[in-house]
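Enquirer: Data: model07.cif, mmCIF, C-alpha atoms.
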data_input
loop_
_atom_site.group_PDB
_atom_site.id
_atom_site.type_symbol
_atom_site.label_atom_id
_atom_site.label_comp_id
_atom_site.auth_asym_id
_atom_site.auth_seq_id
_atom_site.Cartn_x
_atom_site.Cartn_y
_atom_site.Cartn_z
ATOM 1 C CA PHE Q 29 -21.912 32.497 90.443
ATOM 2 C CA GLY Q 30 -22.141 32.332 86.654
ATOM 3 C CA GLY Q 31 -21.716 36.070 86.344
ATOM 4 C CA PHE Q 32 -18.563 35.932 88.451
ATOM 5 C CA VAL Q 33 -17.048 33.098 86.401
ATOM 6 C CA ALA Q 34 -17.940 34.656 83.052
ATOM 7 C CA ASP Q 35 -16.566 38.030 84.172
ATOM 8 C CA LYS Q 36 -13.242 36.356 85.031
ATOM 9 C CA PHE Q 37 -13.177 34.604 81.648
ATOM 10 C CA ALA Q 38 -14.035 37.859 79.850
ATOM 11 C CA LYS Q 39 -11.300 39.730 81.687
ATOM 12 C CA ARG Q 40 -8.735 37.119 80.721
ATOM 13 C CA CYS Q 41 -9.934 36.731 77.111
ATOM 14 C CA PRO Q 42 -12.159 39.700 76.148
ATOM 15 C CA ASN Q 43 -13.341 38.471 72.750
ATOM 16 C CA HIS Q 44 -13.949 34.839 73.665
ATOM 17 C CA GLY Q 45 -14.268 34.558 77.456
ATOM 18 C CA ARG Q 46 -18.049 34.825 77.650
ATOM 19 C CA ALA Q 47 -18.503 32.384 74.769
ATOM 20 C CA PHE Q 48 -16.217 29.918 76.559
ATOM 21 C CA ALA Q 49 -18.223 30.390 79.770
ATOM 22 C CA ALA Q 50 -21.451 29.631 77.902
ATOM 23 C CA GLN Q 51 -19.978 26.557 76.271
ATOM 24 C CA ILE Q 52 -18.660 25.264 79.592
ATOM 25 C CA SER Q 53 -21.986 25.914 81.286
ATOM 26 C CA VAL Q 54 -24.007 24.101 78.627
ATOM 27 C CA SER Q 55 -21.437 21.287 78.481
ATOM 28 C CA CYS Q 56 -21.642 20.810 82.247
ATOM 29 C CA GLY Q 57 -25.437 20.910 82.302
ATOM 30 C CA ILE Q 58 -25.984 18.129 79.782
ATOM 31 C CA PRO Q 59 -24.230 15.336 81.746
ATOM 32 C CA PHE Q 60 -26.078 16.296 84.928
ATOM 33 C CA VAL Q 61 -29.424 16.202 83.122
ATOM 34 C CA VAL Q 62 -28.525 12.817 81.637
ATOM 35 C CA LEU Q 63 -27.649 11.453 85.079
ATOM 36 C CA ILE Q 64 -30.707 12.933 86.758
ATOM 37 C CA PHE Q 65 -33.304 11.876 84.208
ATOM 38 C CA TRP Q 66 -31.829 8.763 82.655
ATOM 39 C CA GLY Q 67 -28.623 7.503 84.230
ATOM 40 C CA ILE Q 68 -29.741 6.846 87.784
ATOM 41 C CA ARG Q 69 -32.710 4.670 88.606
ATOM 42 C CA PRO Q 70 -34.941 6.612 91.010
ATOM 43 C CA ARG Q 71 -35.350 5.112 94.476
ATOM 44 C CA PRO Q 72 -35.588 6.578 97.968
ATOM 45 C CA SER Q 73 -32.124 5.410 99.032
ATOM 46 C CA ILE Q 74 -30.363 7.783 96.622
ATOM 47 C CA PHE Q 75 -32.173 10.959 97.620
ATOM 48 C CA PHE Q 76 -28.919 12.642 98.642
ATOM 49 C CA VAL Q 77 -27.301 11.711 95.330
ATOM 50 C CA TYR Q 78 -30.062 13.688 93.629
ATOM 51 C CA ILE Q 79 -29.478 16.619 95.967
ATOM 52 C CA VAL Q 80 -25.776 16.664 95.065
ATOM 53 C CA LEU Q 81 -26.534 16.386 91.337
ATOM 54 C CA PHE Q 82 -29.072 19.219 91.450
ATOM 55 C CA VAL Q 83 -26.723 21.476 93.438
ATOM 56 C CA LEU Q 84 -23.875 20.830 91.008
ATOM 57 C CA PHE Q 85 -26.264 21.372 88.110
ATOM 58 C CA GLY Q 86 -27.355 24.688 89.606
ATOM 59 C CA LEU Q 87 -23.760 25.787 90.134
ATOM 60 C CA THR Q 88 -22.596 24.976 86.615
ATOM 61 C CA ALA Q 89 -25.489 24.954 84.139
ATOM 62 C CA THR Q 90 -26.898 28.381 84.946
ATOM 63 C CA TRP Q 91 -24.147 30.738 83.870
ATOM 64 C CA CYS Q 92 -25.540 31.786 80.504
ATOM 65 C CA GLY Q 93 -28.212 34.254 81.590
ATOM 66 C CA SER Q 94 -26.285 36.295 84.121
ATOM 67 C CA GLY Q 95 -22.774 35.710 82.804
ATOM 68 C CA VAL Q 96 -23.197 35.713 79.056
ATOM 69 C CA ASN Q 97 -26.499 36.871 77.577
ATOM 70 C CA ARG Q 98 -27.188 39.994 79.630
ATOM 71 C CA PRO Q 99 -23.595 41.298 79.696
ATOM 72 C CA ILE Q 100 -23.151 40.799 75.957
ATOM 73 C CA LEU Q 101 -26.465 42.475 75.179
ATOM 74 C CA SER Q 102 -25.488 45.331 77.495
ATOM 75 C CA GLU Q 103 -22.253 45.804 75.599
ATOM 76 C CA ILE Q 104 -23.471 45.583 72.008
ATOM 77 C CA VAL Q 105 -26.868 47.314 72.206
ATOM 78 C CA ASP Q 106 -27.216 51.088 72.195
ATOM 79 C CA ALA Q 107 -28.066 52.471 75.637
ATOM 80 C CA ASN Q 108 -31.342 53.945 74.346
ATOM 81 C CA ASN Q 109 -32.593 50.502 73.284
ATOM 82 C CA ARG Q 110 -31.074 48.360 76.024
ATOM 83 C CA CYS Q 111 -34.086 48.161 78.361
ATOM 84 C CA THR Q 112 -36.445 47.311 75.535
ATOM 85 C CA LEU Q 113 -34.164 44.563 74.251
ATOM 86 C CA MET Q 114 -33.676 43.088 77.735
ATOM 87 C CA ALA Q 115 -37.440 43.033 78.254
ATOM 88 C CA TRP Q 116 -37.976 41.316 74.906
ATOM 89 C CA ASP Q 117 -35.231 38.807 75.703
ATOM 90 C CA ARG Q 118 -36.810 37.855 79.045
ATOM 91 C CA ALA Q 119 -40.328 37.782 77.619
ATOM 92 C CA LEU Q 120 -39.444 35.637 74.600
ATOM 93 C CA GLU Q 121 -37.299 33.186 76.543
ATOM 94 C CA GLY Q 122 -39.862 32.755 79.308
ATOM 95 C CA SER Q 123 -42.878 32.511 77.043
ATOM 96 C CA ALA Q 124 -41.155 30.126 74.619
ATOM 97 C CA ALA Q 125 -40.292 27.824 77.515
ATOM 98 C CA ALA Q 126 -43.855 27.962 78.826
ATOM 99 C CA ILE Q 127 -45.508 27.527 75.429
ATOM 100 C CA PHE Q 128 -43.241 24.824 74.011
ATOM 101 C CA GLY Q 129 -41.559 23.162 77.006
ATOM 102 C CA ALA Q 130 -44.411 21.526 78.900
ATOM 103 C CA PRO Q 131 -46.363 20.460 75.782
ATOM 104 C CA ALA Q 132 -43.176 18.998 74.273
ATOM 105 C CA VAL Q 133 -42.475 16.986 77.422
ATOM 106 C CA GLY Q 134 -46.049 15.687 77.520
ATOM 107 C CA PHE Q 135 -46.083 14.843 73.825
ATOM 108 C CA LEU Q 136 -42.748 13.032 73.985
ATOM 109 C CA ALA Q 137 -43.720 11.155 77.144
ATOM 110 C CA GLU Q 138 -46.939 9.858 75.627
ATOM 111 C CA THR Q 139 -45.824 9.184 72.050
ATOM 112 C CA LEU Q 140 -42.198 8.083 72.346
ATOM 113 C CA PHE Q 141 -41.865 6.801 75.899
ATOM 114 C CA ASP Q 142 -45.296 5.192 76.437
ATOM 115 C CA TYR Q 143 -46.470 7.297 79.382
ATOM 116 C CA LYS Q 144 -49.823 5.910 80.522
ATOM 117 C CA VAL Q 145 -52.280 8.714 81.267
ATOM 118 C CA ASN Q 146 -54.911 6.295 82.551
ATOM 119 C CA GLY Q 147 -52.684 3.462 83.653
ATOM 120 C CA ALA Q 148 -54.817 2.275 86.546
ATOM 121 C CA THR Q 149 -56.514 -1.082 86.111
ATOM 122 C CA LEU Q 150 -60.294 -1.103 85.906
ATOM 123 C CA GLN Q 151 -60.644 -3.205 89.045
ATOM 124 C CA SER Q 152 -58.529 -1.176 91.450
ATOM 125 C CA LYS Q 153 -58.604 2.365 90.005
ATOM 126 C CA VAL Q 154 -55.166 2.754 91.600
ATOM 127 C CA ARG Q 155 -51.874 2.596 89.766
ATOM 128 C CA THR Q 156 -49.465 -0.119 90.751
ATOM 129 C CA PRO Q 157 -45.918 0.789 91.824
ATOM 130 C CA GLU Q 158 -44.688 -0.697 88.542
ATOM 131 C CA GLU Q 159 -46.995 1.599 86.549
ATOM 132 C CA ASP Q 160 -45.832 4.596 88.570
ATOM 133 C CA MET Q 161 -42.177 3.663 87.972
ATOM 134 C CA HIS Q 162 -42.850 3.221 84.249
ATOM 135 C CA ASN Q 163 -44.506 6.669 84.066
ATOM 136 C CA SER Q 164 -41.679 8.170 86.107
ATOM 137 C CA ARG Q 165 -39.092 6.808 83.684
ATOM 138 C CA ALA Q 166 -41.178 7.954 80.697
ATOM 139 C CA LEU Q 167 -41.313 11.496 82.076
ATOM 140 C CA GLY Q 168 -37.592 11.424 82.849
ATOM 141 C CA HIS Q 169 -36.723 10.333 79.336
ATOM 142 C CA SER Q 170 -39.070 12.948 77.922
ATOM 143 C CA LEU Q 171 -37.504 15.706 80.034
ATOM 144 C CA LEU Q 172 -34.087 14.526 78.910
ATOM 145 C CA ALA Q 173 -35.049 14.661 75.224
ATOM 146 C CA ALA Q 174 -36.772 18.033 75.589
ATOM 147 C CA THR Q 175 -33.737 19.480 77.379
ATOM 148 C CA VAL Q 176 -30.649 18.061 75.684
ATOM 149 C CA GLY Q 177 -31.761 18.766 72.111
ATOM 150 C CA PRO Q 178 -32.343 22.492 72.670
ATOM 151 C CA TRP Q 179 -29.170 22.722 74.751
ATOM 152 C CA LEU Q 180 -27.114 21.273 71.924
ATOM 153 C CA ILE Q 181 -28.572 23.955 69.662
ATOM 154 C CA CYS Q 182 -27.682 26.569 72.289
ATOM 155 C CA PHE Q 183 -24.144 25.209 72.407
ATOM 156 C CA LEU Q 184 -23.914 25.653 68.653
ATOM 157 C CA PHE Q 185 -25.184 29.244 68.842
ATOM 158 C CA TYR Q 186 -22.787 30.064 71.682
ATOM 159 C CA THR Q 187 -19.992 28.654 69.512
ATOM 160 C CA PHE Q 188 -20.874 31.256 66.855
ATOM 161 C CA LEU Q 189 -20.214 33.954 69.486
ATOM 162 C CA HIS Q 190 -16.491 33.340 68.985
ATOM 163 C CA TRP Q 191 -16.971 34.735 65.487
ATOM 164 C CA SER Q 192 -19.770 37.291 65.914
ATOM 165 C CA TYR Q 193 -19.002 38.903 69.278
ATOM 166 C CA PRO Q 194 -15.603 40.384 68.323
ATOM 167 C CA ARG Q 195 -17.194 41.840 65.157
ATOM 168 C CA ASP Q 196 -20.133 43.292 67.108
ATOM 169 C CA MET Q 197 -17.756 44.965 69.553
ATOM 170 C CA ARG Q 198 -15.974 46.895 66.780
#
What does this structure look like when you write it as structure tokens?

Expert:
Amino acid sequence: FGGFVADKFAKRCPNHGRAFAAQISVSCGIPFVVLIFWGIRPRPSIFFVYIVLFVLFGLTATWCGSGVNRPILSEIVDANNRCTLMAWDRALEGSAAAIFGAPAVGFLAETLFDYKVNGATLQSKVRTPEEDMHNSRALGHSLLAATVGPWLICFLFYTFLHWSYPRDMR
């Protein structure tokens, strides 16, 4: 879906359409992440609210890879180097997320949001529902912090595309 939308934007505004698509995608993703991980208190009765939020998130916050990054790289990189650059792009993005993402979430959860690794009481060895809810909120806040910060940086970099992309196309 993101490729379709970005292609339409690029057709209408060749020098800025893909940058606008990226900015819209990132801008739409942030509020959904805020609602999912911070704005709505988790409970079984709102399961379908989460389904709707995740579907909308998937439809709007995922345009950058297929609609922006790959098409722009395909246009500005020499055909002889295109496959190598695409492979490096996928490898660096995936490995950076794996190397930094999960440890950052764990670190933030434990240090900033008081996630209790061994929260069970000595007598019962079982966590109480309150302890589980506290840990759930701590992980949600940690995921929010580890997601929104990098996305704001991405938004900034996609904003620079309005300046750099037209120059790269010359």

Enquirer: Which residues of stretch 39-119 of chain Q sit at most 9 Å from stretch 175-189 of chain Q, using only C-alpha atoms? Give each one's shortest atom pair and distance in Å (one decimal place), in chain and ascending residue order, as a Markdown table.

Expert:
| residue | atom | partner | partner_atom | distance |
| --- | --- | --- | --- | --- |
| Q:Asn43 | CA | Q:Leu189 | CA | 8.8 |
| Q:His44 | CA | Q:Leu189 | CA | 7.6 |
| Q:Arg46 | CA | Q:Leu189 | CA | 8.5 |
| Q:Ala47 | CA | Q:Tyr186 | CA | 5.8 |
| Q:Phe48 | CA | Q:Thr187 | CA | 8.1 |
| Q:Ala50 | CA | Q:Tyr186 | CA | 6.4 |
| Q:Gln51 | CA | Q:Phe183 | CA | 5.8 |
| Q:Val54 | CA | Q:Phe183 | CA | 6.3 |
| Q:Ser55 | CA | Q:Phe183 | CA | 7.7 |
| Q:Gly57 | CA | Q:Trp179 | CA | 8.6 |
| Q:Ile58 | CA | Q:Val176 | CA | 6.2 |
| Q:Val61 | CA | Q:Val176 | CA | 7.8 |
| Q:Val62 | CA | Q:Val176 | CA | 8.2 |

Enquirer: Deliver the residues from the most recent selection as a file, using C-alpha atoms, as a compact mmCIF listing (two decimals), in the frame of the given file.

Expert:
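File written: part24.txt
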# COMPACT_ATOMS: atom_id res chain seq x y z
CA ASN Q 43 -13.34 38.47 72.75
CA HIS Q 44 -13.95 34.84 73.67
CA ARG Q 46 -18.05 34.83 77.65
CA ALA Q 47 -18.50 32.38 74.77
CA PHE Q 48 -16.22 29.92 76.56
CA ALA Q 50 -21.45 29.63 77.90
CA GLN Q 51 -19.98 26.56 76.27
CA VAL Q 54 -24.01 24.10 78.63
CA SER Q 55 -21.44 21.29 78.48
CA GLY Q 57 -25.44 20.91 82.30
CA ILE Q 58 -25.98 18.13 79.78
CA VAL Q 61 -29.42 16.20 83.12
CA VAL Q 62 -28.52 12.82 81.64

Enquirer: Show me the residues around (-18.5, 37.4, 82.6) - criterion: an atom at most 10 Å away, only C-alpha atoms counted - as JSON, numbers by chain.

Expert: {"Q": [29, 30, 31, 32, 33, 34, 35, 36, 37, 38, 39, 40, 42, 45, 46, 47, 48, 49, 50, 91, 92, 94, 95, 96, 97, 98, 99, 100]}

Enquirer: So which one's closest to Q:Ile64, Q:Thr156, Q:Ser164, Q:Asn109, Q:Asn146? Using only C-alpha atoms, please.

Expert: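 For Q:Ile64, the nearest of the given residues is Q:Ser164.
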
Enquirer: Between atom CA of Q:Phe65 and atom CA of Q:Thr90, what is the spacing in Å?

Expert: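 Computed distance, atom CA of Q:Thr90 to atom CA of Q:Phe65, equals 17.7 Å.
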
Enquirer: For a test of reading the model, state the distance in Å between atom CA of Q:Ala173 and atom CA of Q:Val80, rounded to one decimal.

Expert: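 Separation of atom CA of Q:Ala173 and atom CA of Q:Val80: 22.0 Å.
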
Enquirer: Which residues are close to Q:Asp142, i.e. within 9 Å by only C-alpha atoms, leaving aside same-chain residues fewer than 2 positions away? Reply as JSON, numbers by chain.

Expert: {"Q": [136, 137, 138, 139, 140, 144, 162, 163, 166]}

Enquirer: Pick the closest to Q:Met161 from Q:Leu101, Q:Ala174, Q:Tyr143, Q:Ser53: which is it, counting all atoms listed in the file?

Expert: Q:Tyr143

Enquirer: Extending 3 Å beyond the listed atoms of stretch 78-86 of chain Q on each side, what axis-aligned box results? I want centre and edge lengths in Å to one decimal, as JSON.

Expert:
{"center_x": -27.0, "center_y": 19.2, "center_z": 92.0, "size_x": 12.2, "size_y": 17.0, "size_z": 13.9}

Enquirer: For Q:Glu159, which residue among Q:Leu172, Q:Val145, Q:Leu113, Q:Val77 is the nearest when counting all atoms listed in the file?

Expert: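 That would be Q:Val145, the residue with the smallest distance to Q:Glu159.
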
Enquirer: Choose the residue, out of Q:Gly134, Q:Pro157, Q:Asp196, Q:Gly67, that has the smallest atom-to-atom separation from Q:Ser102; count only C-alpha atoms.

Expert: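 Nearest to Q:Ser102: Q:Asp196.
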
Enquirer: For a test of reading the model, state the distance in Å between atom CA of Q:Gly86 and atom CA of Q:Leu63, rounded to one decimal.

Expert: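 Atom-to-atom, atom CA of Q:Gly86 to atom CA of Q:Leu63, that is 14.0 Å.
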
Enquirer: Using all atoms listed in the file, which residues sit within 8 Å of Q:Val133 once same-chain residues fewer than 6 positions away are excluded, as a list in words?

Expert: Leu167, Ser170, Leu171 and Ala174 of chain Q

Enquirer: Restricting it to C-alpha atoms, dump the selection as a PDB file, in the coordinates of the input.

Expert:
ATOM      1  CA  LEU Q 167     -41.313  11.496  82.076  1.00  0.00           C
ATOM      2  CA  SER Q 170     -39.070  12.948  77.922  1.00  0.00           C
ATOM      3  CA  LEU Q 171     -37.504  15.706  80.034  1.00  0.00           C
ATOM      4  CA  ALA Q 174     -36.772  18.033  75.589  1.00  0.00           C
TER       5      ALA Q 174
END

Enquirer: Considering only C-alpha atoms, can you say which of Q:Pro70, Q:Gly129, Q:Val83, Q:Glu103 comes closest to Q:Asp160?

Expert: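 Using only C-alpha atoms, the shortest distance to Q:Asp160 belongs to Q:Pro70.
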
Enquirer: Find the residue from Q:Ala89, Q:Ile104, Q:Ala124, Q:Ala115 that sits nearest to Q:Arg195; use only C-alpha atoms when measuring.

Expert: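 Going through Q:Ala89, Q:Ile104, Q:Ala124, Q:Ala115 one by one, the smallest distance to Q:Arg195 is for Q:Ile104.
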